[in-house]
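Q: Handing you this structure, nothing more for now.
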Amino acid sequence: MKLARRFRTTVLILLGVGLTPSLKAQNDGLVKRAWNSVFNDTTSIERPKFIAYPTIAFAPETKWEFGVSAVYVYYANQDIKNRLSEVTAFTFITLEKQYGLWMDHALYSDKSKWFFLGRVRLQQFPLLYFGTGIDISGEELAQIDAGSISIRERVLRKIHGSLYLGFETDFHRLSNVGLTQITNEPFQAPAGIRKFSNLGLGLGVVYDNRHNVLNVREGFFGEMGFLRYDDGWGSDFEFTSYFFDARYYLPTNDTQVLATQLYFSEIQGDAPFSQLSLMGGESLMRGYYLGRYRDQTLLAAQTEYRFLPFPFSKRLGAAAFVALGTVSEGAPKLDVSKLKVAGGTGVRFLIFKSKDIFTRFDVAVSEDGLGYYFFIGEAF
């Protein structure tokens, strides 16, 4: 199997569109002011900021893919004592008539009394299925083409200091599902290859003293909670998801940060293949295709050392990272002797000087080969 089938390589082709809500210019100075607004960051630090740029990618299952990435950041009440609220978005369309919209947000109210953390994934896009468990072969069993909607949201209220408590919800739907077998060997089709909808409701506890979610210089983020999917509120599958996420950021000097993360998830019940605990992706276990390994339980950890920026540069930085992870049929069956390893390095470019936000281009290595990732903000 060719490596390109596992990873979509996104290539930046332009980074030249940047606007702020406060930008007012005559036609003769519009281009110069826009350039200074983005690359020289001449707007006031308390002002909201927006940037968008096109991307292009290629993969055999999608052919050419054209997209637009964007980020919008602001301080509540334009008060820089508040935490920085951030919205990132990415939309794309391919020559194979596939399309998608991704949005992530971390929004803080004034004095951080309320915290809204979530993401949206809307797409018609092929999913590669390798099987379930940690001992599966390295070859895809099938390609599952489907339209998917995934909406995850937390609505959290500060109860003391940096401690939050609130409701968590998750909506997941698959439609227009079609399975194309790749392997010549017989295999059992996974649960969830027909149209379904699942709604999860639950509670979560979050400790968060980060100031900038896209580039954390110092602090701690911890989340623990559960989601229950039940036919009582319209779910086609009944199961419960438990999760734990802990991240610690230690500054070693003014421009360097050591970041660590420990993540655990457990599915109890009969979940569809797309809602099992999935290993891989652009954030945790980079180097593995998202869902390359999947099962009821996932345990993974990663650490990353960041230069933001280099001492000799005002904008250019880098990072090096390594991750370990495994999946199993349940927590008692986790086997540390079967840990998968991934690691790599990447470059960083400071796009918003006053907001301290970088773009990243990472190259990760795993037993499956190379993975390439281009995104706004750090992986975690």
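By convention here, the chains of the structure tokens are called A, B, ... in the order presented, each chain's residues are numbered starting at 1, and ligands are numbered starting at 1 in the order presented.
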Could you pull out the strand (DSSP E) residues of segment 72-143 of chain A, going by DSSP on the backbone, and write them as number ranges by chain?
A: A: 72-75, 84-94, 99-108, 114-129, 142-143
Q: Please extract the residues of segment 14-241 of chain A with a backbone DSSP assignment of helix (DSSP H, G or I) and present them as a PyMOL selection string.
A: chain A and resi 27-40+76-78+110-112+231-233
Q: Would you write out those residues with C-alpha atoms, as a tab-separated table (two decimals), in the first residue's frame?
A:
```
chain	number	residue	atom	x	y	z
A	27	ASN	CA	-8.37	52.17	-1.60
A	28	ASP	CA	-4.84	53.43	-2.25
A	29	GLY	CA	-3.58	52.14	1.09
A	30	LEU	CA	-5.68	49.01	1.54
A	31	VAL	CA	-3.06	46.47	0.46
A	32	LYS	CA	-0.26	48.10	2.48
A	33	ARG	CA	-2.40	48.37	5.60
A	34	ALA	CA	-3.63	44.79	5.26
A	35	TRP	CA	-0.06	43.57	4.87
A	36	ASN	CA	1.08	45.48	7.94
A	37	SER	CA	-1.95	44.30	9.87
A	38	VAL	CA	-1.06	40.66	9.29
A	39	PHE	CA	2.71	40.46	9.00
A	40	ASN	CA	3.74	43.46	11.08
A	76	ALA	CA	-13.94	39.54	25.93
A	77	ASN	CA	-14.78	43.25	26.27
A	78	GLN	CA	-11.44	43.91	24.54
A	110	ASP	CA	-15.61	38.34	30.83
A	111	LYS	CA	-13.44	37.31	33.81
A	112	SER	CA	-13.73	33.72	32.48
A	231	ASP	CA	-32.27	5.50	22.90
A	232	GLY	CA	-34.24	7.50	25.47
A	233	TRP	CA	-33.03	10.66	23.73
```
Q: Would you mind telling me which residue in A:Ile80, A:Leu339, A:Leu107, A:Ile149 lies nearest to Leu122 of chain A when using only C-alpha atoms?
A: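 Once distances to Leu122 of chain A are computed over only C-alpha atoms, the minimum belongs to A:Ile149.
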Q: Tell me, as a PyMOL selection string, which residues lie within 10 Å of segment 201-207 of chain A, counting only C-alpha atoms; anything in the same chain fewer than 4 positions away does not count.
A: chain A and resi 115+154-158+160-171+220-230+233+240-246
Q: Between A:Phe92, A:Tyr293, A:Trp114, A:Phe307, single out the one closest to Asn253 of chain A, counting only C-alpha atoms.
A: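 When distances to Asn253 of chain A are compared using only C-alpha atoms, the smallest one comes from A:Phe307.
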Q: Point out the residue among A:Ser85, A:Ser137, A:Asn209, A:Asn198 with the least atom-to-atom distance to Ser274 of chain A, counting only C-alpha atoms.
A: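 The closest residue to Ser274 of chain A is A:Asn198.
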Q: From the options A:Thr326, A:Thr359, A:Ser109, A:Thr62, which residue's atoms come nearest to Asn215 of chain A, counting only C-alpha atoms?
A: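 Among A:Thr326, A:Thr359, A:Ser109, A:Thr62, it is A:Thr359 that comes nearest to Asn215 of chain A.
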Q: So, with only C-alpha atoms as the atoms that count, which of A:Lys333, A:Arg306, A:Arg247, A:Lys340 lies closest to Arg286 of chain A?
A: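 Closest candidate: A:Lys340.
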Q: Which one of A:Tyr74, A:Asp254, A:Ala259, A:Val341 sits closest to Pro311 of chain A if you count only C-alpha atoms?
A: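 Looking at the shortest contact to Pro311 of chain A, the residue is A:Asp254.
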Q: Can you tell me, as a PDB file with N, CA and C atoms, in the first residue's frame, what residues are no more than 7 Å from Ala300 of chain A when counting only C-alpha atoms, ignoring any on the same chain fewer than 4 positions away?
A:
```pdb
ATOM      1  N   LEU A 262      -1.416  13.493  28.869  1.00  0.00           N
ATOM      2  CA  LEU A 262      -1.836  12.114  29.130  1.00  0.00           C
ATOM      3  C   LEU A 262      -3.321  12.032  28.820  1.00  0.00           C
ATOM      4  N   TYR A 263      -3.698  11.049  27.992  1.00  0.00           N
ATOM      5  CA  TYR A 263      -5.106  10.936  27.569  1.00  0.00           C
ATOM      6  C   TYR A 263      -5.586   9.499  27.723  1.00  0.00           C
ATOM      7  N   PHE A 264      -6.810   9.358  28.246  1.00  0.00           N
ATOM      8  CA  PHE A 264      -7.436   8.052  28.428  1.00  0.00           C
ATOM      9  C   PHE A 264      -8.904   8.149  28.042  1.00  0.00           C
ATOM     10  N   LEU A 324       3.454   7.918  22.783  1.00  0.00           N
ATOM     11  CA  LEU A 324       3.235   6.493  22.995  1.00  0.00           C
ATOM     12  C   LEU A 324       1.746   6.257  23.168  1.00  0.00           C
ATOM     13  N   GLY A 325       1.242   5.135  22.640  1.00  0.00           N
ATOM     14  CA  GLY A 325      -0.173   4.856  22.807  1.00  0.00           C
ATOM     15  C   GLY A 325      -0.532   3.426  22.462  1.00  0.00           C
ATOM     16  N   THR A 326      -1.689   2.988  22.972  1.00  0.00           N
ATOM     17  CA  THR A 326      -2.193   1.659  22.666  1.00  0.00           C
ATOM     18  C   THR A 326      -3.699   1.638  22.854  1.00  0.00           C
TER      19      THR A 326
END
```
Q: Measure the distance from atom CA of Glu140 of chain A to atom CA of Glu238 of chain A in Å and round it to one decimal.
A: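 Straight-line distance from atom CA of Glu140 of chain A to atom CA of Glu238 of chain A works out to 27.4 Å.
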Q: Just want the 12 Å neighbourhood of Gln256 of chain A, counted on only C-alpha atoms, with same-chain residues fewer than 5 positions away dropped. Output as a list of chain:residue names.
A: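 Result of the neighbour search: A:Asn215, A:Val216, A:Arg217, A:Glu218, A:Tyr249, A:Leu250, A:Pro251, A:Glu304, A:Tyr305, A:Arg306, A:Phe307, A:Leu308, A:Pro309, A:Phe310, A:Pro311, A:Gly317, A:Ala318, A:Ala319, A:Ala320.
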Q: Please report the interatomic distance between atom CA of Ile376 of chain A and atom CA of Ile144 of chain A in Å with one decimal.
A: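 One can read the atom CA of Ile376 of chain A to atom CA of Ile144 of chain A distance as 28.3 Å.
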Q: Please provide the set of residues having any atom within 8 Å of Val120 of chain A, restricted to only C-alpha atoms, with same-chain residues fewer than 2 positions apart removed, written as a compact mmCIF listing (two decimals) with N, CA and C atoms, in the first residue's frame.
A:
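Written output follows (result.txt):
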```txt
# COMPACT_ATOMS: atom_id res chain seq x y z
N LEU A 101 -16.25 20.84 6.44
CA LEU A 101 -16.08 22.05 7.23
C LEU A 101 -15.69 21.64 8.65
N TRP A 102 -14.55 22.11 9.12
CA TRP A 102 -14.08 21.87 10.48
C TRP A 102 -14.04 23.20 11.22
N MET A 103 -14.54 23.22 12.43
CA MET A 103 -14.47 24.40 13.28
C MET A 103 -14.15 23.99 14.71
N ASP A 104 -13.24 24.70 15.35
CA ASP A 104 -12.90 24.49 16.75
C ASP A 104 -12.97 25.82 17.48
N GLY A 118 -15.48 23.52 22.25
CA GLY A 118 -16.12 22.54 21.36
C GLY A 118 -15.53 22.51 19.98
N LEU A 122 -18.22 18.65 9.77
CA LEU A 122 -19.22 18.33 8.76
C LEU A 122 -18.48 17.94 7.49
N ILE A 149 -21.63 14.06 10.46
CA ILE A 149 -21.80 15.27 11.25
C ILE A 149 -21.37 14.93 12.67
N SER A 150 -20.45 15.70 13.20
CA SER A 150 -19.98 15.50 14.57
C SER A 150 -19.90 16.86 15.26
N ILE A 151 -20.67 17.02 16.33
CA ILE A 151 -20.70 18.29 17.06
C ILE A 151 -20.47 17.99 18.53
N ARG A 152 -19.37 18.47 19.07
CA ARG A 152 -19.02 18.27 20.48
C ARG A 152 -18.97 19.63 21.17
```
